[in-house]
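Coordinates from structure.cif are shown below (mmCIF, C-alpha atoms and all ligand atoms).
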data_model
loop_
_atom_site.label_atom_id
_atom_site.label_comp_id
_atom_site.auth_asym_id
_atom_site.auth_seq_id
_atom_site.Cartn_x
_atom_site.Cartn_y
_atom_site.Cartn_z
CA MET F 150 40.79 119.03 76.77
CA THR F 151 38.32 121.04 78.85
CA LEU F 152 39.44 124.07 80.84
CA LYS F 153 38.66 122.17 84.07
CA ASN F 154 40.94 119.23 83.07
CA LYS F 155 43.74 121.64 82.13
CA LYS F 156 43.48 123.24 85.60
CA ILE F 157 43.65 119.83 87.30
CA ILE F 158 46.79 118.90 85.28
CA CYS F 159 48.42 122.25 86.15
CA VAL F 160 47.72 121.73 89.88
CA LEU F 161 49.09 118.16 89.71
CA LEU F 162 52.25 119.27 87.90
CA GLY F 163 52.77 122.13 90.37
CA GLY F 164 52.37 119.73 93.28
CA LEU F 165 54.84 117.27 91.75
CA THR F 166 57.41 120.03 91.23
CA CYS F 167 57.06 121.17 94.87
CA PHE F 168 57.34 117.58 96.11
CA SER F 169 60.50 116.84 94.10
CA LEU F 170 62.06 120.13 95.23
CA LEU F 171 61.34 119.28 98.87
CA ALA F 172 62.72 115.74 98.39
CA TRP F 173 65.84 117.23 96.84
CA VAL F 174 66.29 119.64 99.78
CA ILE F 175 65.90 116.75 102.27
CA VAL F 176 68.41 114.53 100.39
CA TRP F 177 70.83 117.45 100.23
CA GLU F 178 70.51 118.03 103.99
CA ILE F 179 71.20 114.33 104.74
CA ASN F 180 74.24 114.30 102.43
CA GLN F 181 75.58 117.45 104.08
CA ALA F 182 75.58 115.65 107.42
CA GLY F 183 77.97 112.76 106.85
CA ASP F 184 79.80 113.37 110.14
CA LEU F 185 78.98 113.96 113.75
CA GLU F 186 78.73 117.69 114.41
CA VAL F 187 79.06 119.39 117.78
CA VAL F 188 78.50 123.14 117.87
CA PHE F 189 79.33 125.25 120.89
CA PHE F 190 77.05 128.22 120.33
CA ASP F 191 78.32 131.73 120.98
CA ILE F 192 75.39 132.74 123.17
CA GLY F 193 77.17 135.10 125.58
CA GLN F 194 77.91 134.19 129.20
CA GLY F 195 76.40 130.73 129.48
CA ASP F 196 76.35 127.33 127.79
CA SER F 197 74.48 126.00 124.77
CA ILE F 198 75.72 123.06 122.71
CA PHE F 199 74.06 121.47 119.70
CA ILE F 200 74.86 117.92 118.60
CA GLU F 201 73.76 116.27 115.37
CA THR F 202 74.66 112.70 114.42
CA PRO F 203 75.25 111.63 110.78
CA ASP F 204 71.70 110.27 110.56
CA GLY F 205 70.15 113.41 112.01
CA PHE F 206 69.63 112.72 115.73
CA GLN F 207 69.67 116.15 117.38
CA VAL F 208 70.58 117.04 120.94
CA LEU F 209 70.61 120.44 122.62
CA ILE F 210 72.57 120.73 125.87
CA ASP F 211 71.46 123.92 127.72
CA GLY F 212 70.02 127.05 126.12
CA GLY F 213 72.17 129.95 127.31
CA PRO F 214 70.96 133.10 129.08
CA GLY F 215 68.86 134.68 126.29
CA LEU F 216 67.01 134.06 123.06
CA VAL F 217 70.10 133.90 120.80
CA VAL F 218 69.80 130.10 120.91
CA LEU F 219 66.73 130.36 118.63
CA GLU F 220 68.77 132.12 115.93
CA LYS F 221 71.56 129.58 116.33
CA LEU F 222 69.18 126.62 115.99
CA GLY F 223 67.74 128.29 112.89
CA GLU F 224 71.23 128.30 111.36
CA GLU F 225 71.87 124.62 112.14
CA MET F 226 68.46 123.13 111.47
CA PRO F 227 66.47 123.25 108.22
CA PHE F 228 63.34 125.43 108.34
CA TYR F 229 60.95 122.48 108.14
CA ASP F 230 62.55 120.69 111.10
CA ARG F 231 60.69 121.67 114.28
CA THR F 232 61.66 118.65 116.37
CA ILE F 233 64.63 118.11 118.69
CA ASP F 234 65.24 114.53 119.81
CA LEU F 235 66.83 115.28 123.16
CA VAL F 236 67.14 118.39 125.32
CA ILE F 237 69.49 118.28 128.30
CA LEU F 238 69.40 120.82 131.13
CA THR F 239 72.67 120.38 133.03
CA HIS F 240 71.43 122.45 135.98
CA PRO F 241 68.67 125.02 136.49
CA GLU F 242 70.69 128.25 136.47
CA HIS F 243 69.73 131.25 134.32
CA ASP F 244 72.79 131.09 132.03
CA HIS F 245 71.97 127.48 131.06
CA MET F 246 68.19 127.35 131.38
CA PHE F 247 66.62 130.60 130.17
CA GLY F 248 67.01 129.96 126.43
CA LEU F 249 65.56 126.47 126.81
CA LEU F 250 62.23 127.90 128.00
CA GLU F 251 61.66 129.47 124.58
CA VAL F 252 62.98 126.36 122.79
CA LEU F 253 60.34 124.31 124.65
CA LYS F 254 57.63 126.69 123.43
CA ARG F 255 58.74 126.64 119.79
CA TYR F 256 60.00 123.11 119.16
CA GLU F 257 58.58 119.68 119.71
CA ILE F 258 60.96 117.94 122.13
CA LYS F 259 60.93 114.15 122.21
CA ASN F 260 63.12 113.52 125.27
CA ILE F 261 64.23 115.71 128.17
CA LEU F 262 67.12 114.76 130.45
CA TRP F 263 67.63 116.73 133.66
CA THR F 264 68.40 116.26 137.34
CA GLY F 265 64.91 116.90 138.75
CA ILE F 266 66.25 119.15 141.54
CA ILE F 267 63.94 121.75 143.06
CA ARG F 268 64.59 125.47 143.17
CA ASP F 269 62.49 128.33 144.38
CA THR F 270 62.77 130.62 141.35
CA ALA F 271 60.23 131.85 138.80
CA GLU F 272 62.37 130.45 135.96
CA TRP F 273 62.48 127.01 137.56
CA LYS F 274 58.68 127.04 137.96
CA GLU F 275 58.29 128.01 134.30
CA TRP F 276 60.68 125.19 133.27
CA LYS F 277 58.67 122.66 135.34
CA ARG F 278 55.37 123.85 133.85
CA LEU F 279 56.71 123.74 130.28
CA ILE F 280 58.25 120.27 130.52
CA GLU F 281 55.01 118.92 131.98
CA GLU F 282 53.09 120.47 129.08
CA GLU F 283 55.60 119.26 126.47
CA GLY F 284 54.57 115.60 126.64
CA ALA F 285 58.20 114.54 126.15
CA ASN F 286 59.76 111.46 127.67
CA ILE F 287 61.40 112.77 130.87
CA ILE F 288 64.61 111.12 132.02
CA ILE F 289 66.14 111.87 135.43
CA SER F 290 69.92 111.74 135.12
CA GLU F 291 72.00 109.26 137.05
CA ALA F 292 75.52 107.94 136.53
CA GLY F 293 75.62 104.72 134.52
CA GLN F 294 72.95 105.74 132.01
CA LYS F 295 73.92 105.18 128.40
CA ILE F 296 71.85 107.08 125.86
CA VAL F 297 72.29 105.75 122.34
CA LEU F 298 71.93 108.56 119.80
CA SER F 299 72.88 106.61 116.66
CA GLU F 300 74.86 103.57 115.69
CA ASN F 301 78.26 103.84 117.47
CA ILE F 302 77.35 107.21 119.02
CA TYR F 303 76.20 107.46 122.61
CA LEU F 304 76.13 109.66 125.67
CA SER F 305 77.43 108.19 128.88
CA ILE F 306 76.18 109.91 132.04
CA LEU F 307 78.96 110.19 134.65
CA TYR F 308 77.40 112.51 137.21
CA PRO F 309 75.29 113.00 139.39
CA PHE F 310 76.30 109.68 140.92
CA GLU F 311 72.71 109.07 141.96
CA SER F 312 69.33 110.61 141.24
CA LEU F 313 68.84 114.06 142.80
CA GLU F 314 65.15 114.19 141.96
CA GLY F 315 63.11 116.14 144.47
CA GLN F 316 66.12 117.51 146.35
CA GLU F 317 66.18 121.21 147.06
CA THR F 318 69.39 123.16 146.68
CA LYS F 319 70.51 126.74 146.31
CA TYR F 320 74.01 125.95 145.06
CA THR F 321 73.21 124.09 141.89
CA ASN F 322 76.57 124.18 140.06
CA ASP F 323 77.67 120.96 141.74
CA THR F 324 74.48 119.21 140.63
CA SER F 325 75.41 119.71 136.93
CA ILE F 326 75.06 116.71 134.66
CA VAL F 327 78.45 115.51 133.43
CA ALA F 328 78.26 113.48 130.23
CA GLU F 329 80.68 112.00 127.77
CA LEU F 330 79.77 111.81 124.10
CA ILE F 331 81.50 108.90 122.40
CA PHE F 332 81.76 108.24 118.67
CA ASN F 333 84.12 105.30 118.09
CA ASN F 334 87.59 106.70 118.89
CA VAL F 335 86.56 110.31 119.49
CA SER F 336 85.06 111.61 122.73
CA PHE F 337 83.76 114.88 124.14
CA LEU F 338 83.37 115.61 127.84
CA PHE F 339 80.65 118.06 128.93
CA THR F 340 80.96 119.25 132.51
CA GLY F 341 78.28 121.91 133.09
CA ASP F 342 79.41 124.18 135.94
CA ILE F 343 80.91 121.62 138.35
CA SER F 344 83.57 122.80 140.80
CA LYS F 345 86.97 121.28 141.62
CA LYS F 346 85.31 119.26 144.41
CA ILE F 347 83.20 117.28 141.91
CA GLU F 348 86.09 117.03 139.42
CA LYS F 349 88.13 115.31 142.16
CA GLN F 350 85.25 112.93 142.90
CA LEU F 351 85.09 112.06 139.18
CA VAL F 352 88.83 111.38 139.13
CA ASP F 353 88.39 109.02 142.12
CA GLU F 354 85.30 107.32 140.67
CA TYR F 355 86.35 106.59 137.09
CA ILE F 356 89.37 104.76 135.73
CA ASP F 357 89.07 106.31 132.30
CA LEU F 358 88.09 109.96 131.93
CA GLU F 359 90.34 110.65 128.98
CA SER F 360 88.57 112.73 126.32
CA ASP F 361 89.69 114.42 123.13
CA ILE F 362 87.59 117.53 123.63
CA LEU F 363 86.67 119.03 126.99
CA LYS F 364 83.94 121.63 127.48
CA ILE F 365 85.57 123.18 130.49
CA ALA F 366 83.46 123.62 133.61
CA HIS F 367 81.92 126.90 134.74
CA HIS F 368 83.12 129.14 131.89
CA GLY F 369 86.78 128.84 132.86
CA SER F 370 86.27 129.97 136.46
CA LYS F 371 89.17 129.40 138.87
CA THR F 372 86.86 127.39 141.14
CA SER F 373 86.93 124.63 138.48
CA SER F 374 89.54 122.85 136.32
CA CYS F 375 91.88 121.48 138.96
CA LEU F 376 95.20 120.12 137.74
CA GLU F 377 94.38 116.48 138.62
CA PHE F 378 91.25 116.62 136.50
CA LEU F 379 92.98 118.23 133.51
CA GLU F 380 95.77 115.69 133.76
CA VAL F 381 93.43 112.70 133.82
CA VAL F 382 91.08 113.97 131.09
CA SER F 383 94.11 115.00 129.08
CA PRO F 384 92.18 116.72 126.28
CA GLU F 385 93.65 117.78 122.98
CA LEU F 386 91.22 120.69 122.82
CA VAL F 387 89.37 122.71 125.45
CA VAL F 388 86.32 124.78 124.62
CA ILE F 389 85.37 127.61 126.98
CA SER F 390 81.81 128.84 126.60
CA VAL F 391 82.01 132.42 127.81
CA GLY F 392 80.79 135.96 127.07
CA GLU F 393 81.30 139.39 128.58
CA ASN F 394 81.06 138.94 132.34
CA ARG F 395 81.85 140.59 135.67
CA TRP F 396 83.53 137.55 137.25
CA GLY F 397 86.65 137.60 135.09
CA HIS F 398 85.89 134.29 133.31
CA PRO F 399 87.98 132.67 132.00
CA HIS F 400 90.34 133.11 134.94
CA PRO F 401 94.06 133.66 134.10
CA GLU F 402 94.97 130.83 136.50
CA THR F 403 92.81 128.37 134.52
CA LEU F 404 94.31 129.57 131.24
CA ALA F 405 97.82 129.21 132.69
CA ASN F 406 97.06 125.63 133.79
CA LEU F 407 95.80 124.74 130.33
CA GLU F 408 98.93 126.23 128.83
CA LYS F 409 101.05 124.17 131.24
CA PHE F 410 99.58 121.02 129.70
CA GLY F 411 99.94 122.39 126.16
CA ILE F 412 96.21 122.13 125.52
CA GLN F 413 94.67 124.07 122.64
CA VAL F 414 91.99 126.46 123.93
CA LEU F 415 89.10 128.05 122.05
CA THR F 416 86.64 130.46 123.63
CA THR F 417 83.26 131.30 122.13
CA ARG F 418 83.85 134.96 123.02
CA ASN F 419 86.88 135.10 120.72
CA TYR F 420 85.92 132.61 118.03
CA GLY F 421 82.11 132.80 117.89
CA ASP F 422 80.33 129.49 117.27
CA ILE F 423 82.81 126.61 117.47
CA LYS F 424 81.84 123.69 115.27
CA ILE F 425 83.66 120.39 115.65
CA VAL F 426 83.13 117.75 113.02
CA SER F 427 84.15 114.13 113.50
CA ASN F 428 84.09 110.88 111.52
CA GLY F 429 84.70 108.83 114.65
CA ASN F 430 88.44 108.57 114.12
CA SER F 431 89.58 112.17 114.13
CA PHE F 432 88.03 115.61 114.45
CA ASN F 433 88.24 118.95 112.70
CA ILE F 434 87.44 122.44 113.95
CA LYS F 435 85.32 124.61 111.65
ZN ZN F 501 77.12 128.61 133.97
#
Transcribe the structure of this file into structure tokens.
Amino acid sequence: MTLKNKKIICVLLGGLTCFSLLAWVIVWEINQAGDLEVVFFDIGQGDSIFIETPDGFQVLIDGGPGLVVLEKLGEEMPFYDRTIDLVILTHPEHDHMFGLLEVLKRYEIKNILWTGIIRDTAEWKEWKRLIEEEGANIIISEAGQKIVLSENIYLSILYPFESLEGQETKYTNDTSIVAELIFNNVSFLFTGDISKKIEKQLVDEYIDLESDILKIAHHGSKTSSCLEFLEVVSPELVVISVGENRWGHPHPETLANLEKFGIQVLTTRNYGDIKIVSNGNSFNIK
């Protein structure tokens, strides 16, 4: 065998070894994800939630107030995966939007769901520029939309009741997208930063709001989580996404109300990242 042929064989063998290693890593990743995973990232005072279905459909709801979301995504996603299937911006406030700006720059986003409301802030302008550049499919949220993530797993949009695209508003909390994630018998309710006023409207609008896990609105503020809403949703578990803050979130009154209903409460400030894993019949907290 000539030296040249030996070199070719060595390169081929090396390539094959790399390929089988990569295939093994991919198979391992798929096997690791047999369940639906929902991770409430500990990103400080804000919201950022990562969802991955058993067959690998990935959703990021909000990005938190800083760049910590990038580290968190790095922990949940394999290094070779630079694509996120769906990014949701509940409302364009700093503590939900800022981290997403960097995510848009670093990841390829296939779909973006947001309200389309207009704000006069530099961050909003940057968001608008980046989503236009991204080339993703843009969806303007509206109640009644059903977004299928995987077989038997979908997001049901409950609020805003109608499209808010092009509307200008300073008080954006009450424009937050409210969505329910349903996997067979298990459901999660994500409420952004809505106030009691919108919670009451949801109670009036929907016959069935019952959910197993509730991401409580507005970081546990006392302006949210009215008793009627908690009673109707009747969650087994409440997650409060909260960091150090000057507003006293979560408010003692909210915590007392949750205790009244005997609901288990986890805060990201006390527990760090909260990962909930479900097979569609039950769920476990990791
Ligand atoms: Zn917020």
List all protein, DNA and RNA residues that have any atom at most 7 Å from ligand ZN 501 (chain F), counting only C-alpha atoms and all ligand atoms, and write the list as a short mmCIF file (atom, residue, chain, number, x, y, z; two decimals) with C-alpha atoms, in the frame of the given file.
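Below is the file result-v5.cif, written as the result:
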data_model
loop_
_atom_site.label_atom_id
_atom_site.label_comp_id
_atom_site.auth_asym_id
_atom_site.auth_seq_id
_atom_site.Cartn_x
_atom_site.Cartn_y
_atom_site.Cartn_z
CA GLY F 195 76.40 130.73 129.48
CA ASP F 196 76.35 127.33 127.79
CA GLU F 242 70.69 128.25 136.47
CA ASP F 244 72.79 131.09 132.03
CA HIS F 245 71.97 127.48 131.06
CA GLY F 341 78.28 121.91 133.09
CA ASP F 342 79.41 124.18 135.94
CA HIS F 367 81.92 126.90 134.74
CA HIS F 368 83.12 129.14 131.89
#
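Across the model, the gap from CA of Ile306 (chain F) to CA of Glu359 (chain F) is 14.5 Å.
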What's the 8 Å shell around Ala328 (chain F), counting all atoms listed in the file, without same-chain residues fewer than 3 positions away, as a PDB file with C-alpha atoms, in the coordinates of the input?
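Heads up, here's the output in out-v3.pdb:
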ATOM      1  CA  LEU F 304      76.130 109.660 125.670  1.00  0.00           C
ATOM      2  CA  SER F 305      77.430 108.190 128.880  1.00  0.00           C
ATOM      3  CA  ILE F 306      76.180 109.910 132.040  1.00  0.00           C
ATOM      4  CA  LEU F 307      78.960 110.190 134.650  1.00  0.00           C
ATOM      5  CA  TYR F 308      77.400 112.510 137.210  1.00  0.00           C
ATOM      6  CA  LEU F 338      83.370 115.610 127.840  1.00  0.00           C
ATOM      7  CA  PHE F 339      80.650 118.060 128.930  1.00  0.00           C
ATOM      8  CA  THR F 340      80.960 119.250 132.510  1.00  0.00           C
TER       9      THR F 340
END
With 5 Å added on each side, what axis-aligned box encloses every listed atom of region 257-266 of chain F? Give the centre and edge lengths in Å to one decimal, as AutoDock Vina command-line options.
--center_x 63.5 --center_y 116.6 --center_z 130.6 --size_x 19.8 --size_y 16.2 --size_z 31.8
Sorted by chain and rising residue number, which residues of region 178-211 of chain F lie within 10 Å of region 252-270 of chain F, and what are their closest atom pairs and distances in Å to one decimal, counting only C-alpha atoms, as CSV?
residue,atom,partner,partner_atom,distance
F:Val208,CA,F:Asn260,CA,9.3
F:Leu209,CA,F:Val252,CA,9.7
F:Ile210,CA,F:Leu262,CA,9.3
At a cut-off of 12 Å, using all atoms listed in the file, what residues contact region 413-416 of chain F? Leave out same-chain residues fewer than 5 positions from it and give the result as a JSON list (two decimals) with C-alpha atoms, keeping the file's coordinate frame.
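Below is the file that was written, out.json:
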[["chain", "number", "residue", "atom", "x", "y", "z"],
["F", 189, "PHE", "CA", 79.33, 125.25, 120.89],
["F", 190, "PHE", "CA", 77.05, 128.22, 120.33],
["F", 191, "ASP", "CA", 78.32, 131.73, 120.98],
["F", 192, "ILE", "CA", 75.39, 132.74, 123.17],
["F", 193, "GLY", "CA", 77.17, 135.10, 125.58],
["F", 194, "GLN", "CA", 77.91, 134.19, 129.20],
["F", 195, "GLY", "CA", 76.40, 130.73, 129.48],
["F", 196, "ASP", "CA", 76.35, 127.33, 127.79],
["F", 361, "ASP", "CA", 89.69, 114.42, 123.13],
["F", 362, "ILE", "CA", 87.59, 117.53, 123.63],
["F", 363, "LEU", "CA", 86.67, 119.03, 126.99],
["F", 364, "LYS", "CA", 83.94, 121.63, 127.48],
["F", 365, "ILE", "CA", 85.57, 123.18, 130.49],
["F", 368, "HIS", "CA", 83.12, 129.14, 131.89],
["F", 369, "GLY", "CA", 86.78, 128.84, 132.86],
["F", 383, "SER", "CA", 94.11, 115.00, 129.08],
["F", 384, "PRO", "CA", 92.18, 116.72, 126.28],
["F", 385, "GLU", "CA", 93.65, 117.78, 122.98],
["F", 386, "LEU", "CA", 91.22, 120.69, 122.82],
["F", 387, "VAL", "CA", 89.37, 122.71, 125.45],
["F", 388, "VAL", "CA", 86.32, 124.78, 124.62],
["F", 389, "ILE", "CA", 85.37, 127.61, 126.98],
["F", 390, "SER", "CA", 81.81, 128.84, 126.60],
["F", 391, "VAL", "CA", 82.01, 132.42, 127.81],
["F", 392, "GLY", "CA", 80.79, 135.96, 127.07],
["F", 393, "GLU", "CA", 81.30, 139.39, 128.58],
["F", 398, "HIS", "CA", 85.89, 134.29, 133.31],
["F", 399, "PRO", "CA", 87.98, 132.67, 132.00],
["F", 403, "THR", "CA", 92.81, 128.37, 134.52],
["F", 404, "LEU", "CA", 94.31, 129.57, 131.24],
["F", 405, "ALA", "CA", 97.82, 129.21, 132.69],
["F", 406, "ASN", "CA", 97.06, 125.63, 133.79],
["F", 407, "LEU", "CA", 95.80, 124.74, 130.33],
["F", 408, "GLU", "CA", 98.93, 126.23, 128.83],
["F", 421, "GLY", "CA", 82.11, 132.80, 117.89],
["F", 422, "ASP", "CA", 80.33, 129.49, 117.27],
["F", 423, "ILE", "CA", 82.81, 126.61, 117.47],
["F", 424, "LYS", "CA", 81.84, 123.69, 115.27],
["F", 425, "ILE", "CA", 83.66, 120.39, 115.65],
["F", 434, "ILE", "CA", 87.44, 122.44, 113.95],
["F", 435, "LYS", "CA", 85.32, 124.61, 111.65]]
Compare F:Val352, F:Met246, F:Ala292, F:Glu377 by their minimum atom-to-atom distance to Lys277 (chain F), counting all atoms listed in the file, and give me the closest one.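 Of F:Val352, F:Met246, F:Ala292, F:Glu377, the one nearest Lys277 (chain F) is F:Met246, counting all atoms listed in the file.
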Between CA of Ile280 (chain F) and CA of His243 (chain F), what is the spacing in Å? 16.3 Å
As an exercise, work out the distance from CA of Pro401 (chain F) to CA of Ser370 (chain F) in Å and give it to one decimal place.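 These atoms are spaced 8.9 Å apart.
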Would you fill out region 246-267 of chain F with N, CA, C and O atoms and return it as an mmCIF file, keeping the file's coordinate frame?
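And here is the file that came out, result-v9.cif:
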data_model
loop_
_atom_site.group_PDB
_atom_site.id
_atom_site.type_symbol
_atom_site.label_atom_id
_atom_site.label_comp_id
_atom_site.auth_asym_id
_atom_site.auth_seq_id
_atom_site.Cartn_x
_atom_site.Cartn_y
_atom_site.Cartn_z
ATOM 1 N N MET F 246 69.590 127.739 131.498
ATOM 2 C CA MET F 246 68.190 127.350 131.380
ATOM 3 C C MET F 246 67.316 128.314 130.595
ATOM 4 O O MET F 246 66.394 127.883 129.888
ATOM 5 N N PHE F 247 67.578 129.614 130.693
ATOM 6 C CA PHE F 247 66.620 130.600 130.170
ATOM 7 C C PHE F 247 66.264 130.349 128.704
ATOM 8 O O PHE F 247 65.091 130.321 128.334
ATOM 9 N N GLY F 248 67.279 130.165 127.858
ATOM 10 C CA GLY F 248 67.010 129.960 126.430
ATOM 11 C C GLY F 248 66.181 128.714 126.151
ATOM 12 O O GLY F 248 65.413 128.665 125.179
ATOM 13 N N LEU F 249 66.314 127.720 127.027
ATOM 14 C CA LEU F 249 65.560 126.470 126.810
ATOM 15 C C LEU F 249 64.057 126.670 126.966
ATOM 16 O O LEU F 249 63.266 125.953 126.359
ATOM 17 N N LEU F 250 63.665 127.675 127.778
ATOM 18 C CA LEU F 250 62.230 127.900 128.000
ATOM 19 C C LEU F 250 61.557 128.234 126.658
ATOM 20 O O LEU F 250 60.493 127.710 126.329
ATOM 21 N N GLU F 251 62.215 129.078 125.880
ATOM 22 C CA GLU F 251 61.660 129.470 124.580
ATOM 23 C C GLU F 251 61.759 128.325 123.569
ATOM 24 O O GLU F 251 60.882 128.157 122.725
ATOM 25 N N VAL F 252 62.829 127.535 123.673
ATOM 26 C CA VAL F 252 62.980 126.360 122.790
ATOM 27 C C VAL F 252 61.817 125.393 123.037
ATOM 28 O O VAL F 252 61.227 124.853 122.103
ATOM 29 N N LEU F 253 61.457 125.208 124.305
ATOM 30 C CA LEU F 253 60.340 124.310 124.650
ATOM 31 C C LEU F 253 59.032 124.809 124.038
ATOM 32 O O LEU F 253 58.191 124.017 123.623
ATOM 33 N N LYS F 254 58.873 126.125 123.985
ATOM 34 C CA LYS F 254 57.630 126.690 123.430
ATOM 35 C C LYS F 254 57.573 126.534 121.913
ATOM 36 O O LYS F 254 56.514 126.397 121.339
ATOM 37 N N ARG F 255 58.737 126.581 121.265
ATOM 38 C CA ARG F 255 58.740 126.640 119.790
ATOM 39 C C ARG F 255 59.042 125.331 119.080
ATOM 40 O O ARG F 255 58.795 125.225 117.879
ATOM 41 N N TYR F 256 59.635 124.381 119.795
ATOM 42 C CA TYR F 256 60.000 123.110 119.160
ATOM 43 C C TYR F 256 59.282 121.960 119.843
ATOM 44 O O TYR F 256 58.934 122.057 121.025
ATOM 45 N N GLU F 257 59.115 120.888 119.099
ATOM 46 C CA GLU F 257 58.580 119.680 119.710
ATOM 47 C C GLU F 257 59.784 118.888 120.223
ATOM 48 O O GLU F 257 60.675 118.535 119.446
ATOM 49 N N ILE F 258 59.815 118.641 121.518
ATOM 50 C CA ILE F 258 60.960 117.940 122.130
ATOM 51 C C ILE F 258 60.524 116.508 122.439
ATOM 52 O O ILE F 258 59.500 116.286 123.084
ATOM 53 N N LYS F 259 61.321 115.554 121.983
ATOM 54 C CA LYS F 259 60.930 114.150 122.210
ATOM 55 C C LYS F 259 61.377 113.627 123.575
ATOM 56 O O LYS F 259 60.661 112.887 124.214
ATOM 57 N N ASN F 260 62.600 113.995 123.978
ATOM 58 C CA ASN F 260 63.120 113.520 125.270
ATOM 59 C C ASN F 260 63.770 114.681 126.022
ATOM 60 O O ASN F 260 64.438 115.514 125.404
ATOM 61 N N ILE F 261 63.588 114.682 127.336
ATOM 62 C CA ILE F 261 64.230 115.710 128.170
ATOM 63 C C ILE F 261 64.996 115.000 129.283
ATOM 64 O O ILE F 261 64.436 114.169 130.004
ATOM 65 N N LEU F 262 66.287 115.331 129.381
ATOM 66 C CA LEU F 262 67.120 114.760 130.450
ATOM 67 C C LEU F 262 67.509 115.890 131.386
ATOM 68 O O LEU F 262 68.060 116.907 130.948
ATOM 69 N N TRP F 263 67.212 115.731 132.672
ATOM 70 C CA TRP F 263 67.630 116.730 133.660
ATOM 71 C C TRP F 263 67.748 116.070 135.024
ATOM 72 O O TRP F 263 67.501 114.865 135.137
ATOM 73 N N THR F 264 68.125 116.876 136.037
ATOM 74 C CA THR F 264 68.400 116.260 137.340
ATOM 75 C C THR F 264 67.156 116.147 138.213
ATOM 76 O O THR F 264 67.167 115.380 139.177
ATOM 77 N N GLY F 265 66.127 116.952 137.931
ATOM 78 C CA GLY F 265 64.910 116.900 138.750
ATOM 79 C C GLY F 265 65.053 117.614 140.092
ATOM 80 O O GLY F 265 64.220 117.433 140.987
ATOM 81 N N ILE F 266 66.113 118.441 140.251
ATOM 82 C CA ILE F 266 66.250 119.150 141.540
ATOM 83 C C ILE F 266 65.256 120.303 141.612
ATOM 84 O O ILE F 266 64.790 120.812 140.591
ATOM 85 N N ILE F 267 64.956 120.710 142.832
ATOM 86 C CA ILE F 267 63.940 121.750 143.060
ATOM 87 C C ILE F 267 64.613 123.064 143.423
ATOM 88 O O ILE F 267 65.549 123.096 144.222
#
